[in-house]
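Just data-v2.txt here, compact mmCIF, C-alpha atoms and all ligand atoms:
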# COMPACT_ATOMS: atom_id res chain seq x y z
CA MET U 1 9.13 47.81 -44.99
CA ARG U 2 7.13 48.23 -41.80
CA ASN U 3 4.32 46.18 -43.33
CA ILE U 4 6.71 43.39 -44.23
CA MET U 5 8.15 43.37 -40.70
CA LEU U 6 4.64 43.20 -39.28
CA PHE U 7 3.82 40.36 -41.67
CA ILE U 8 6.89 38.39 -40.57
CA TRP U 9 6.15 39.08 -36.93
CA LEU U 10 2.59 37.76 -37.37
CA LEU U 11 3.81 34.63 -39.12
CA ALA U 12 6.64 33.97 -36.71
CA PRO U 13 4.82 31.69 -34.26
CA ALA U 14 3.63 29.45 -37.12
CA LEU U 15 6.98 29.42 -38.92
CA SER U 16 9.29 28.86 -36.00
CA ASN U 17 9.17 25.43 -34.48
CA ALA U 18 7.09 26.28 -31.44
CA GLU U 19 8.15 24.95 -28.06
CA PRO U 20 6.85 21.42 -27.54
CA LEU U 21 3.83 21.08 -25.26
CA GLN U 22 4.86 19.97 -21.78
CA VAL U 23 2.76 16.99 -20.78
CA PHE U 24 2.61 14.94 -17.58
CA VAL U 25 1.03 11.49 -17.44
CA SER U 26 0.40 9.09 -14.58
CA VAL U 27 1.89 5.84 -15.87
CA LEU U 28 4.40 4.80 -18.56
CA PRO U 29 1.99 3.28 -21.14
CA LEU U 30 0.26 6.68 -21.24
CA LYS U 31 3.58 8.31 -22.10
CA THR U 32 3.80 6.00 -25.09
CA PHE U 33 0.27 6.94 -26.19
CA VAL U 34 0.80 10.72 -25.87
CA GLU U 35 4.11 10.47 -27.77
CA LYS U 36 2.41 8.44 -30.52
CA ILE U 37 -0.09 11.25 -31.08
CA GLY U 38 2.08 14.25 -30.21
CA GLY U 39 5.35 13.23 -31.89
CA ASN U 40 7.97 15.99 -31.67
CA SER U 41 5.37 18.51 -30.60
CA VAL U 42 5.22 17.12 -27.07
CA THR U 43 7.61 16.44 -24.22
CA VAL U 44 6.14 13.86 -21.87
CA GLN U 45 7.07 13.20 -18.26
CA THR U 46 5.68 10.33 -16.20
CA MET U 47 4.74 10.47 -12.53
CA VAL U 48 5.10 6.79 -11.65
CA GLN U 49 8.63 5.64 -12.52
CA PRO U 50 9.61 2.07 -13.48
CA GLY U 51 9.27 -0.21 -10.47
CA ASP U 52 6.96 2.18 -8.54
CA SER U 53 3.38 1.18 -7.91
CA PRO U 54 0.63 3.63 -8.93
CA HIS U 55 -1.28 2.29 -5.94
CA THR U 56 1.06 3.66 -3.30
CA TYR U 57 2.93 6.37 -5.20
CA ASP U 58 3.72 9.84 -3.84
CA PRO U 59 4.87 12.48 -6.34
CA THR U 60 8.32 13.88 -5.59
CA PRO U 61 8.78 17.58 -4.73
CA LYS U 62 10.67 17.85 -8.04
CA GLN U 63 7.64 16.55 -9.93
CA ILE U 64 5.31 18.90 -8.12
CA SER U 65 7.48 21.87 -9.09
CA ALA U 66 7.80 20.58 -12.69
CA LEU U 67 4.01 20.57 -12.87
CA ALA U 68 4.13 24.35 -12.57
CA LYS U 69 5.59 24.46 -16.11
CA THR U 70 3.26 21.83 -17.54
CA ASP U 71 0.63 22.52 -20.21
CA LEU U 72 -1.34 19.32 -19.82
CA TYR U 73 -1.83 16.54 -17.29
CA VAL U 74 -3.36 13.30 -18.60
CA LEU U 75 -4.98 11.27 -15.85
CA THR U 76 -6.29 7.70 -15.81
CA GLY U 77 -7.73 7.50 -12.30
CA VAL U 78 -4.96 5.40 -10.76
CA PRO U 79 -5.09 5.43 -6.95
CA PHE U 80 -2.34 8.00 -6.32
CA GLU U 81 -4.28 10.46 -8.48
CA LYS U 82 -7.32 10.08 -6.25
CA VAL U 83 -5.15 11.25 -3.36
CA TRP U 84 -2.98 13.83 -5.14
CA MET U 85 -5.10 15.35 -7.90
CA GLU U 86 -6.12 18.41 -5.92
CA ARG U 87 -2.46 19.21 -5.20
CA VAL U 88 -1.49 18.44 -8.80
CA ARG U 89 -4.12 20.90 -10.00
CA SER U 90 -3.21 23.59 -7.49
CA ALA U 91 0.49 23.35 -8.47
CA ASN U 92 -0.57 24.96 -11.76
CA PRO U 93 -4.10 26.36 -12.11
CA HIS U 94 -3.48 27.10 -15.82
CA MET U 95 -2.64 23.50 -16.66
CA LYS U 96 -5.25 21.58 -18.66
CA VAL U 97 -6.30 18.25 -17.18
CA LEU U 98 -7.49 15.54 -19.54
CA ASP U 99 -9.34 12.59 -18.08
CA ALA U 100 -8.25 9.93 -20.57
CA ARG U 101 -11.19 7.75 -19.48
CA VAL U 102 -13.79 9.92 -21.25
CA GLY U 103 -16.07 7.72 -23.39
CA ILE U 104 -14.92 4.49 -21.72
CA ASP U 105 -17.19 2.20 -19.68
CA LEU U 106 -15.23 1.48 -16.53
CA ARG U 107 -15.38 -2.02 -15.12
CA THR U 108 -15.58 -2.88 -11.44
CA ILE U 109 -12.35 -4.35 -10.16
CA GLU U 110 -12.35 -7.80 -8.58
CA HIS U 111 -11.20 -7.99 -4.93
CA HIS U 112 -9.29 -4.76 -5.21
CA GLU U 113 -8.56 -2.36 -2.40
CA HIS U 114 -11.61 -0.37 -1.48
CA GLU U 115 -9.77 2.59 -0.10
CA THR U 116 -6.45 4.04 -1.02
CA VAL U 117 -4.00 3.85 1.83
CA HIS U 118 -1.84 6.92 2.02
CA ASN U 119 0.68 7.67 4.75
CA GLY U 120 -0.86 4.81 6.70
CA GLN U 121 -4.26 6.48 6.79
CA GLN U 122 -7.47 5.49 5.10
CA GLN U 123 -8.53 8.21 2.69
CA ASP U 124 -12.11 9.26 3.00
CA LYS U 125 -13.72 8.88 -0.41
CA ALA U 126 -16.47 11.33 0.51
CA HIS U 127 -13.91 14.15 0.77
CA ASP U 128 -12.54 13.52 -2.67
CA PRO U 129 -14.52 15.76 -5.00
CA GLY U 130 -15.29 15.35 -8.66
CA HIS U 131 -15.09 12.10 -10.57
CA PHE U 132 -12.03 10.70 -8.80
CA ASN U 133 -14.06 9.19 -6.00
CA ASP U 134 -14.95 5.79 -7.36
CA SER U 135 -12.30 3.42 -6.04
CA GLU U 136 -14.33 0.37 -7.12
CA ARG U 137 -13.57 1.27 -10.73
CA ASP U 138 -10.72 -0.58 -12.32
CA PRO U 139 -8.07 1.99 -13.37
CA HIS U 140 -5.96 -0.37 -15.55
CA ILE U 141 -7.69 0.65 -18.79
CA TRP U 142 -4.55 0.60 -20.94
CA THR U 143 -4.45 -3.23 -21.04
CA SER U 144 -7.18 -3.21 -23.73
CA PRO U 145 -6.18 -2.01 -27.24
CA PRO U 146 -9.75 -1.02 -28.27
CA LEU U 147 -9.99 1.14 -25.14
CA VAL U 148 -6.57 2.63 -25.82
CA LYS U 149 -7.96 3.70 -29.18
CA GLN U 150 -10.58 5.76 -27.33
CA MET U 151 -7.89 7.19 -25.05
CA ALA U 152 -5.83 8.08 -28.12
CA LYS U 153 -8.85 9.90 -29.55
CA ASN U 154 -9.20 11.88 -26.31
CA ILE U 155 -5.49 12.71 -26.41
CA ARG U 156 -5.70 13.79 -30.08
CA ASP U 157 -8.64 16.09 -29.35
CA MET U 158 -6.92 17.69 -26.36
CA LEU U 159 -3.59 18.22 -28.15
CA THR U 160 -5.47 19.76 -31.07
CA GLU U 161 -7.26 22.12 -28.70
CA LEU U 162 -3.94 23.18 -27.14
CA ASP U 163 -2.02 23.40 -30.40
CA PRO U 164 -4.45 23.79 -33.35
CA ALA U 165 -1.58 24.51 -35.78
CA GLN U 166 -0.53 20.86 -35.43
CA GLY U 167 -4.08 19.54 -35.77
CA GLN U 168 -3.47 17.71 -39.03
CA ALA U 169 -0.31 16.07 -37.69
CA TYR U 170 -2.17 14.88 -34.60
CA GLU U 171 -4.94 13.51 -36.79
CA ASP U 172 -2.43 11.64 -39.00
CA ASN U 173 -0.55 10.30 -35.98
CA TYR U 174 -3.82 9.16 -34.44
CA ALA U 175 -4.80 7.33 -37.64
CA ALA U 176 -1.44 5.52 -37.74
CA PHE U 177 -1.62 4.59 -34.05
CA ALA U 178 -5.25 3.42 -34.40
CA ALA U 179 -4.17 1.13 -37.25
CA GLU U 180 -1.37 -0.27 -35.02
CA LEU U 181 -3.89 -0.90 -32.26
CA ASP U 182 -6.21 -2.71 -34.69
CA THR U 183 -3.33 -4.95 -35.76
CA LEU U 184 -2.40 -5.60 -32.14
CA ASP U 185 -6.02 -6.46 -31.35
CA ARG U 186 -6.18 -8.91 -34.28
CA ASP U 187 -2.86 -10.51 -33.28
CA ILE U 188 -4.00 -11.02 -29.69
CA ARG U 189 -7.31 -12.54 -30.85
CA ALA U 190 -5.41 -14.93 -33.11
CA LEU U 191 -3.02 -15.93 -30.31
CA LEU U 192 -5.91 -16.65 -27.94
CA LYS U 193 -8.23 -18.30 -30.44
CA GLU U 194 -7.44 -21.91 -29.54
CA VAL U 195 -7.14 -21.33 -25.80
CA ASN U 196 -9.57 -23.60 -23.94
CA ASN U 197 -8.81 -22.58 -20.39
CA ARG U 198 -9.80 -18.89 -20.41
CA LYS U 199 -8.93 -18.35 -16.74
CA PHE U 200 -5.60 -17.03 -15.57
CA MET U 201 -4.26 -16.18 -12.14
CA VAL U 202 -2.48 -12.93 -11.28
CA PHE U 203 -1.16 -11.45 -8.08
CA HIS U 204 -2.43 -7.91 -8.69
CA PRO U 205 -5.60 -7.60 -10.82
CA ALA U 206 -4.16 -5.27 -13.48
CA TRP U 207 -5.44 -7.26 -16.49
CA GLY U 208 -9.20 -6.88 -16.14
CA TYR U 209 -9.81 -4.87 -19.32
CA PHE U 210 -7.53 -7.21 -21.24
CA ALA U 211 -9.56 -10.14 -19.85
CA ASP U 212 -12.91 -8.52 -20.69
CA THR U 213 -11.82 -7.65 -24.22
CA TYR U 214 -10.55 -11.14 -25.01
CA ASP U 215 -13.12 -13.24 -23.18
CA LEU U 216 -10.74 -14.28 -20.40
CA ILE U 217 -11.16 -14.29 -16.62
CA GLN U 218 -8.46 -13.08 -14.24
CA ILE U 219 -8.32 -14.60 -10.77
CA PRO U 220 -6.45 -12.25 -8.43
CA ILE U 221 -4.41 -13.51 -5.49
CA GLU U 222 -4.28 -10.09 -3.87
CA GLN U 223 -7.20 -9.50 -1.51
CA GLU U 224 -8.41 -5.94 -1.01
CA GLY U 225 -5.01 -4.65 -2.07
CA LYS U 226 -3.10 -6.86 0.36
CA GLU U 227 -1.37 -10.23 0.54
CA PRO U 228 -3.94 -12.97 1.21
CA GLY U 229 -4.14 -14.44 4.70
CA ALA U 230 -3.53 -18.15 5.37
CA ARG U 231 -7.15 -19.14 4.87
CA ALA U 232 -7.57 -17.12 1.67
CA LEU U 233 -4.35 -18.65 0.38
CA THR U 234 -5.65 -22.17 0.99
CA GLU U 235 -8.84 -21.28 -0.89
CA LEU U 236 -6.82 -19.84 -3.79
CA ILE U 237 -4.75 -23.01 -4.03
CA LYS U 238 -7.96 -25.09 -4.18
CA GLN U 239 -9.36 -22.77 -6.82
CA ALA U 240 -6.14 -22.89 -8.87
CA LYS U 241 -6.28 -26.69 -8.86
CA ARG U 242 -9.97 -26.69 -9.75
CA GLU U 243 -9.45 -24.21 -12.60
CA ASN U 244 -6.38 -26.08 -13.80
CA VAL U 245 -4.16 -22.99 -13.51
CA LYS U 246 -0.54 -23.58 -14.51
CA VAL U 247 0.94 -20.10 -14.46
CA ILE U 248 0.61 -17.22 -12.04
CA PHE U 249 1.45 -13.78 -13.34
CA VAL U 250 3.25 -11.29 -11.13
CA GLN U 251 4.43 -7.75 -11.76
CA PRO U 252 7.64 -6.25 -10.38
CA GLN U 253 5.84 -3.61 -8.29
CA PHE U 254 4.43 -6.24 -5.93
CA ASN U 255 5.78 -8.97 -3.65
CA LYS U 256 5.59 -12.37 -5.33
CA LYS U 257 5.74 -14.48 -2.17
CA SER U 258 2.10 -15.60 -2.12
CA ALA U 259 2.14 -16.19 -5.90
CA GLU U 260 5.11 -18.49 -5.34
CA GLN U 261 3.31 -20.29 -2.54
CA VAL U 262 0.30 -20.97 -4.80
CA ALA U 263 2.55 -21.99 -7.70
CA SER U 264 4.53 -24.49 -5.63
CA ALA U 265 1.31 -25.98 -4.19
CA ILE U 266 -0.14 -26.57 -7.66
CA GLY U 267 3.13 -27.52 -9.37
CA GLY U 268 2.88 -24.42 -11.55
CA ARG U 269 5.21 -21.52 -12.18
CA VAL U 270 5.39 -17.79 -11.61
CA VAL U 271 5.89 -15.56 -14.63
CA ALA U 272 6.74 -11.86 -14.39
CA ILE U 273 5.03 -9.48 -16.78
CA ASP U 274 4.71 -5.76 -16.21
CA PRO U 275 1.41 -4.12 -17.21
CA LEU U 276 3.16 -0.77 -16.72
CA SER U 277 5.75 -1.41 -19.42
CA PRO U 278 6.18 1.54 -21.81
CA ASP U 279 6.72 -0.97 -24.62
CA TYR U 280 3.01 -1.34 -24.88
CA ALA U 281 2.34 -3.52 -27.91
CA THR U 282 5.19 -5.99 -27.28
CA ASN U 283 4.03 -6.42 -23.71
CA LEU U 284 0.41 -7.18 -24.60
CA ARG U 285 1.45 -9.64 -27.31
CA LYS U 286 3.68 -11.33 -24.75
CA MET U 287 0.78 -11.62 -22.26
CA ALA U 288 -1.44 -13.27 -24.91
CA GLN U 289 1.42 -15.59 -25.86
CA LEU U 290 1.98 -16.60 -22.22
CA ILE U 291 -1.71 -17.33 -21.65
CA ALA U 292 -1.81 -19.40 -24.84
CA GLU U 293 1.29 -21.35 -23.78
CA ALA U 294 -0.03 -21.90 -20.25
CA SER U 295 -3.22 -23.50 -21.58
CA GLN U 296 -1.37 -26.12 -23.60
ZN ZN U 301 -2.73 -1.71 -10.35
Written as structure tokens, that's how I'd like the structure from this file.
Amino acid sequence: MRNIMLFIWLLAPALSNAEPLQVFVSVLPLKTFVEKIGGNSVTVQTMVQPGDSPHTYDPTPKQISALAKTDLYVLTGVPFEKVWMERVRSANPHMKVLDARVGIDLRTIEHHEHETVHNGQQQDKAHDPGHFNDSERDPHIWTSPPLVKQMAKNIRDMLTELDPAQGQAYEDNYAAFAAELDTLDRDIRALLKEVNNRKFMVFHPAWGYFADTYDLIQIPIEQEGKEPGARALTELIKQAKRENVKVIFVQPQFNKKSAEQVASAIGGRVVAIDPLSPDYATNLRKMAQLIAEASQ
């Protein structure tokens, strides 16, 4: 009898549905990716909520205390993480931190802010240790399905390390998600195949990896993370005319005033699309569709 009890006790953790892993991510698309791989074995919370910008975000005290009960933080190198990562880590020294960018060649962002402005002060990059110090690197990696596949691999490997009993499930989920990403990639290529004008204008340059992957060029209106001045705006209007731009993409986290000024000067229109949408695949298909339509 004692042996049987011991046997049951040993098996218990594997038999009972273990508590889901508590995961924190920076932005909503990442939540989608972790849930794709983790399924019911994870509970995912997101730092940057809908409508917030990851460029100026401050975690809430509630989030900081929730981090104390978190098993894993998945980072993507968005600007608030450069400022907050030390505090995020110190909220819970036992928490694993996965840099989802492992294995990905980071592009340099065009005309992006060079420093992260936090509480009105310029952060000193030199005081930011580790690999979070490169603010020239474009953090918007999730706009490229092939790169998301690499992120998904990184997520699969980390979840497997934390919860080896679910290793096969994570592997299967990864395979299914990778197949979805391949389909998405093929669909986007097909949508953009006949597009002659490969340039598109955006307020905030969040679509760089998307552009690189699909042989497009994004022209940002934002200058160094700010609204353009009068002279820069005049230049942008000239450029938009020269490049035959018809549509300017804006995202809800940023003011669309200067985008509207350019659009009215060129007789074009402003279209809202949110690169931070959790409905990842639909959103990317929509972006490809809009670019294809704009070039007609
Ligand atoms: Zn951004």
Atom pair CA of Leu181 (chain U) + CA of Asp274 (chain U), distance 18.8 Å
Kindly compile the residues surrounding ligand ZN 301 (chain U) within 8 Å, counting all atoms listed in the file, and format them as a PDB file with C-alpha atoms, in the frame of the given file.
ATOM      1  CA  SER U  53       3.380   1.180  -7.910  1.00  0.00           C
ATOM      2  CA  PRO U  54       0.630   3.630  -8.930  1.00  0.00           C
ATOM      3  CA  HIS U  55      -1.280   2.290  -5.940  1.00  0.00           C
ATOM      4  CA  VAL U  78      -4.960   5.400 -10.760  1.00  0.00           C
ATOM      5  CA  PRO U 139      -8.070   1.990 -13.370  1.00  0.00           C
ATOM      6  CA  HIS U 140      -5.960  -0.370 -15.550  1.00  0.00           C
ATOM      7  CA  HIS U 204      -2.430  -7.910  -8.690  1.00  0.00           C
ATOM      8  CA  PRO U 205      -5.600  -7.600 -10.820  1.00  0.00           C
ATOM      9  CA  ALA U 206      -4.160  -5.270 -13.480  1.00  0.00           C
TER      10      ALA U 206
END
Sorted by chain and rising residue number, list the residues of region 195-235 of chain U at most 7 Å from region 142-148 of chain U (counting all atoms listed in the file), each with its closest atom pair and distance in Å to one decimal, as a tab-separated table.
residue	atom	partner	partner_atom	distance
U:Trp207	CA	U:Thr143	CA	6.2
U:Tyr209	CA	U:Ser144	CA	5.4
U:Phe210	CA	U:Ser144	CA	4.7
U:Thr213	CA	U:Ser144	CA	6.4
Identify the residues within 10 Å of coordinate (-1.0, 23.6, -29.7) (same frame as the file), considering all atoms listed in the file, and give the answer as a ChimeraX atom specification. /U:18-21,38,41-42,71,158-167
Might you pull out every residue within 10 Å of Glu81 (chain U), with all atoms listed in the file counted and same-chain residues fewer than 3 positions away left off, and present them as a PyMOL selection string? chain U and resi 26+47+54-55+57-59+75-78+84-88+132
As a check of understanding: the span from CA of Leu184 (chain U) to CA of Arg198 (chain U) is 19.2 Å
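Summary of the local environment: counting only C-alpha atoms, residues at most 7 Å from Met201 (chain U), other than itself and those fewer than 5 positions away along its chain, are Gln218, Ile219, Pro220, Val245, Val247, Ile248 and Phe249 of chain U.
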Atoms kept (C-alpha atoms) for selection, written as an mmCIF file, keeping the file's coordinate frame:
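Full text of selection-v6.cif as output:
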data_model
loop_
_atom_site.group_PDB
_atom_site.id
_atom_site.type_symbol
_atom_site.label_atom_id
_atom_site.label_comp_id
_atom_site.auth_asym_id
_atom_site.auth_seq_id
_atom_site.Cartn_x
_atom_site.Cartn_y
_atom_site.Cartn_z
ATOM 1 C CA GLN U 218 -8.460 -13.080 -14.240
ATOM 2 C CA ILE U 219 -8.320 -14.600 -10.770
ATOM 3 C CA PRO U 220 -6.450 -12.250 -8.430
ATOM 4 C CA VAL U 245 -4.160 -22.990 -13.510
ATOM 5 C CA VAL U 247 0.940 -20.100 -14.460
ATOM 6 C CA ILE U 248 0.610 -17.220 -12.040
ATOM 7 C CA PHE U 249 1.450 -13.780 -13.340
#
Write out as a short mmCIF file (atom, residue, chain, number, x, y, z; two decimals) with C-alpha atoms, in the frame of the given file which residues come within 12 Å of Thr183 (chain U) when counting all atoms listed in the file, dropping same-chain ones fewer than 3 positions away.
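Output (selection-v9.cif):
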data_model
loop_
_atom_site.label_atom_id
_atom_site.label_comp_id
_atom_site.auth_asym_id
_atom_site.auth_seq_id
_atom_site.Cartn_x
_atom_site.Cartn_y
_atom_site.Cartn_z
CA PRO U 145 -6.18 -2.01 -27.24
CA PRO U 146 -9.75 -1.02 -28.27
CA LYS U 149 -7.96 3.70 -29.18
CA ALA U 176 -1.44 5.52 -37.74
CA PHE U 177 -1.62 4.59 -34.05
CA ALA U 178 -5.25 3.42 -34.40
CA ALA U 179 -4.17 1.13 -37.25
CA GLU U 180 -1.37 -0.27 -35.02
CA ARG U 186 -6.18 -8.91 -34.28
CA ASP U 187 -2.86 -10.51 -33.28
CA ILE U 188 -4.00 -11.02 -29.69
CA ARG U 189 -7.31 -12.54 -30.85
CA ALA U 190 -5.41 -14.93 -33.11
CA ALA U 281 2.34 -3.52 -27.91
CA LEU U 284 0.41 -7.18 -24.60
CA ARG U 285 1.45 -9.64 -27.31
#
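Comparing the minimum interatomic distances between Ile273 (chain U) and each of U:Lys62, U:Glu224, U:Gly51, U:Arg89, counting all atoms listed in the file, we find that U:Gly51 sits nearest.
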Distance table requested - region 129-247 of chain U against region 255-269 of chain U, cut-off 12 Å, all atoms listed in the file: one row per qualifying residue with the closest atom pair and its distance in Å to one decimal, ordered by chain and rising residue number, as a Markdown table.
| residue | atom | partner | partner_atom | distance |
| --- | --- | --- | --- | --- |
| U:Phe200 | CA | U:Gly268 | CA | 11.9 |
| U:Met201 | CA | U:Ala259 | CA | 8.9 |
| U:Val202 | CA | U:Ala259 | CA | 7.8 |
| U:Phe203 | CA | U:Ala259 | CA | 6.2 |
| U:His204 | CA | U:Asn255 | CA | 9.7 |
| U:Ile219 | CA | U:Ala259 | CA | 11.6 |
| U:Pro220 | CA | U:Ala259 | CA | 9.8 |
| U:Ile221 | CA | U:Ala259 | CA | 7.1 |
| U:Glu222 | CA | U:Ser258 | CA | 8.6 |
| U:Gln223 | CA | U:Ser258 | CA | 11.1 |
| U:Gly225 | CA | U:Asn255 | CA | 11.7 |
| U:Lys226 | CA | U:Asn255 | CA | 10.0 |
| U:Glu227 | CA | U:Ser258 | CA | 6.9 |
| U:Pro228 | CA | U:Ser258 | CA | 7.4 |
| U:Gly229 | CA | U:Ser258 | CA | 9.3 |
| U:Ala230 | CA | U:Ser258 | CA | 9.7 |
| U:Ala232 | CA | U:Ser258 | CA | 10.5 |
| U:Leu233 | CA | U:Val262 | CA | 7.3 |
| U:Thr234 | CA | U:Val262 | CA | 8.4 |
| U:Glu235 | CA | U:Val262 | CA | 9.9 |
| U:Leu236 | CA | U:Val262 | CA | 7.3 |
| U:Ile237 | CA | U:Val262 | CA | 5.5 |
| U:Lys238 | CA | U:Ile266 | CA | 8.7 |
| U:Gln239 | CA | U:Ile266 | CA | 10.0 |
| U:Ala240 | CA | U:Ile266 | CA | 7.1 |
| U:Lys241 | CA | U:Ile266 | CA | 6.3 |
| U:Arg242 | CA | U:Ile266 | CA | 10.1 |
| U:Glu243 | CA | U:Ile266 | CA | 10.8 |
| U:Asn244 | CA | U:Ile266 | CA | 8.8 |
| U:Val245 | CA | U:Gly268 | CA | 7.4 |
| U:Lys246 | CA | U:Gly268 | CA | 4.6 |
| U:Val247 | CA | U:Arg269 | CA | 5.0 |
All heavy atoms for region 143-150 of chain U, written as a PDB file, keeping the file's coordinate frame, could you do that?
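Saved file out.pdb follows:
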ATOM      1  N   THR U 143      -4.741  -1.857 -20.629  1.00  0.00           N
ATOM      2  CA  THR U 143      -4.450  -3.230 -21.040  1.00  0.00           C
ATOM      3  C   THR U 143      -5.377  -3.703 -22.170  1.00  0.00           C
ATOM      4  O   THR U 143      -5.256  -4.833 -22.621  1.00  0.00           O
ATOM      5  CB  THR U 143      -4.546  -4.225 -19.855  1.00  0.00           C
ATOM      6  OG1 THR U 143      -5.868  -4.158 -19.293  1.00  0.00           O
ATOM      7  CG2 THR U 143      -3.518  -3.898 -18.788  1.00  0.00           C
ATOM      8  N   SER U 144      -6.276  -2.841 -22.630  1.00  0.00           N
ATOM      9  CA  SER U 144      -7.180  -3.210 -23.730  1.00  0.00           C
ATOM     10  C   SER U 144      -6.953  -2.306 -24.945  1.00  0.00           C
ATOM     11  O   SER U 144      -7.263  -1.114 -24.897  1.00  0.00           O
ATOM     12  CB  SER U 144      -8.635  -3.067 -23.275  1.00  0.00           C
ATOM     13  OG  SER U 144      -9.501  -3.146 -24.396  1.00  0.00           O
ATOM     14  N   PRO U 145      -6.432  -2.855 -26.060  1.00  0.00           N
ATOM     15  CA  PRO U 145      -6.180  -2.010 -27.240  1.00  0.00           C
ATOM     16  C   PRO U 145      -7.406  -1.227 -27.749  1.00  0.00           C
ATOM     17  O   PRO U 145      -7.263  -0.045 -28.078  1.00  0.00           O
ATOM     18  CB  PRO U 145      -5.656  -2.998 -28.282  1.00  0.00           C
ATOM     19  CG  PRO U 145      -5.038  -4.096 -27.469  1.00  0.00           C
ATOM     20  CD  PRO U 145      -5.902  -4.227 -26.239  1.00  0.00           C
ATOM     21  N   PRO U 146      -8.614  -1.834 -27.804  1.00  0.00           N
ATOM     22  CA  PRO U 146      -9.750  -1.020 -28.270  1.00  0.00           C
ATOM     23  C   PRO U 146     -10.021   0.172 -27.352  1.00  0.00           C
ATOM     24  O   PRO U 146     -10.424   1.243 -27.827  1.00  0.00           O
ATOM     25  CB  PRO U 146     -10.931  -2.006 -28.247  1.00  0.00           C
ATOM     26  CG  PRO U 146     -10.313  -3.356 -28.346  1.00  0.00           C
ATOM     27  CD  PRO U 146      -9.009  -3.260 -27.623  1.00  0.00           C
ATOM     28  N   LEU U 147      -9.782   0.016 -26.056  1.00  0.00           N
ATOM     29  CA  LEU U 147      -9.990   1.140 -25.140  1.00  0.00           C
ATOM     30  C   LEU U 147      -8.878   2.179 -25.274  1.00  0.00           C
ATOM     31  O   LEU U 147      -9.106   3.378 -25.131  1.00  0.00           O
ATOM     32  CB  LEU U 147     -10.114   0.657 -23.692  1.00  0.00           C
ATOM     33  CG  LEU U 147     -11.274  -0.307 -23.396  1.00  0.00           C
ATOM     34  CD1 LEU U 147     -11.345  -0.615 -21.911  1.00  0.00           C
ATOM     35  CD2 LEU U 147     -12.609   0.237 -23.887  1.00  0.00           C
ATOM     36  N   VAL U 148      -7.692   1.706 -25.586  1.00  0.00           N
ATOM     37  CA  VAL U 148      -6.570   2.630 -25.820  1.00  0.00           C
ATOM     38  C   VAL U 148      -6.863   3.510 -27.037  1.00  0.00           C
ATOM     39  O   VAL U 148      -6.497   4.677 -27.079  1.00  0.00           O
ATOM     40  CB  VAL U 148      -5.240   1.860 -25.958  1.00  0.00           C
ATOM     41  CG1 VAL U 148      -4.132   2.768 -26.461  1.00  0.00           C
ATOM     42  CG2 VAL U 148      -4.845   1.256 -24.617  1.00  0.00           C
ATOM     43  N   LYS U 149      -7.567   2.924 -27.997  1.00  0.00           N
ATOM     44  CA  LYS U 149      -7.960   3.700 -29.180  1.00  0.00           C
ATOM     45  C   LYS U 149      -8.824   4.900 -28.768  1.00  0.00           C
ATOM     46  O   LYS U 149      -8.641   6.011 -29.266  1.00  0.00           O
ATOM     47  CB  LYS U 149      -8.737   2.801 -30.136  1.00  0.00           C
ATOM     48  CG  LYS U 149      -8.388   2.989 -31.588  1.00  0.00           C
ATOM     49  CD  LYS U 149      -8.913   1.820 -32.372  1.00  0.00           C
ATOM     50  CE  LYS U 149      -9.661   2.285 -33.581  1.00  0.00           C
ATOM     51  NZ  LYS U 149     -10.162   1.144 -34.376  1.00  0.00           N
ATOM     52  N   GLN U 150      -9.747   4.658 -27.839  1.00  0.00           N
ATOM     53  CA  GLN U 150     -10.580   5.760 -27.330  1.00  0.00           C
ATOM     54  C   GLN U 150      -9.725   6.778 -26.571  1.00  0.00           C
ATOM     55  O   GLN U 150      -9.889   7.987 -26.736  1.00  0.00           O
ATOM     56  CB  GLN U 150     -11.697   5.207 -26.444  1.00  0.00           C
ATOM     57  CG  GLN U 150     -12.578   6.265 -25.798  1.00  0.00           C
ATOM     58  CD  GLN U 150     -13.332   7.124 -26.815  1.00  0.00           C
ATOM     59  OE1 GLN U 150     -13.778   6.630 -27.855  1.00  0.00           O
ATOM     60  NE2 GLN U 150     -13.446   8.426 -26.536  1.00  0.00           N
TER      61      GLN U 150
END
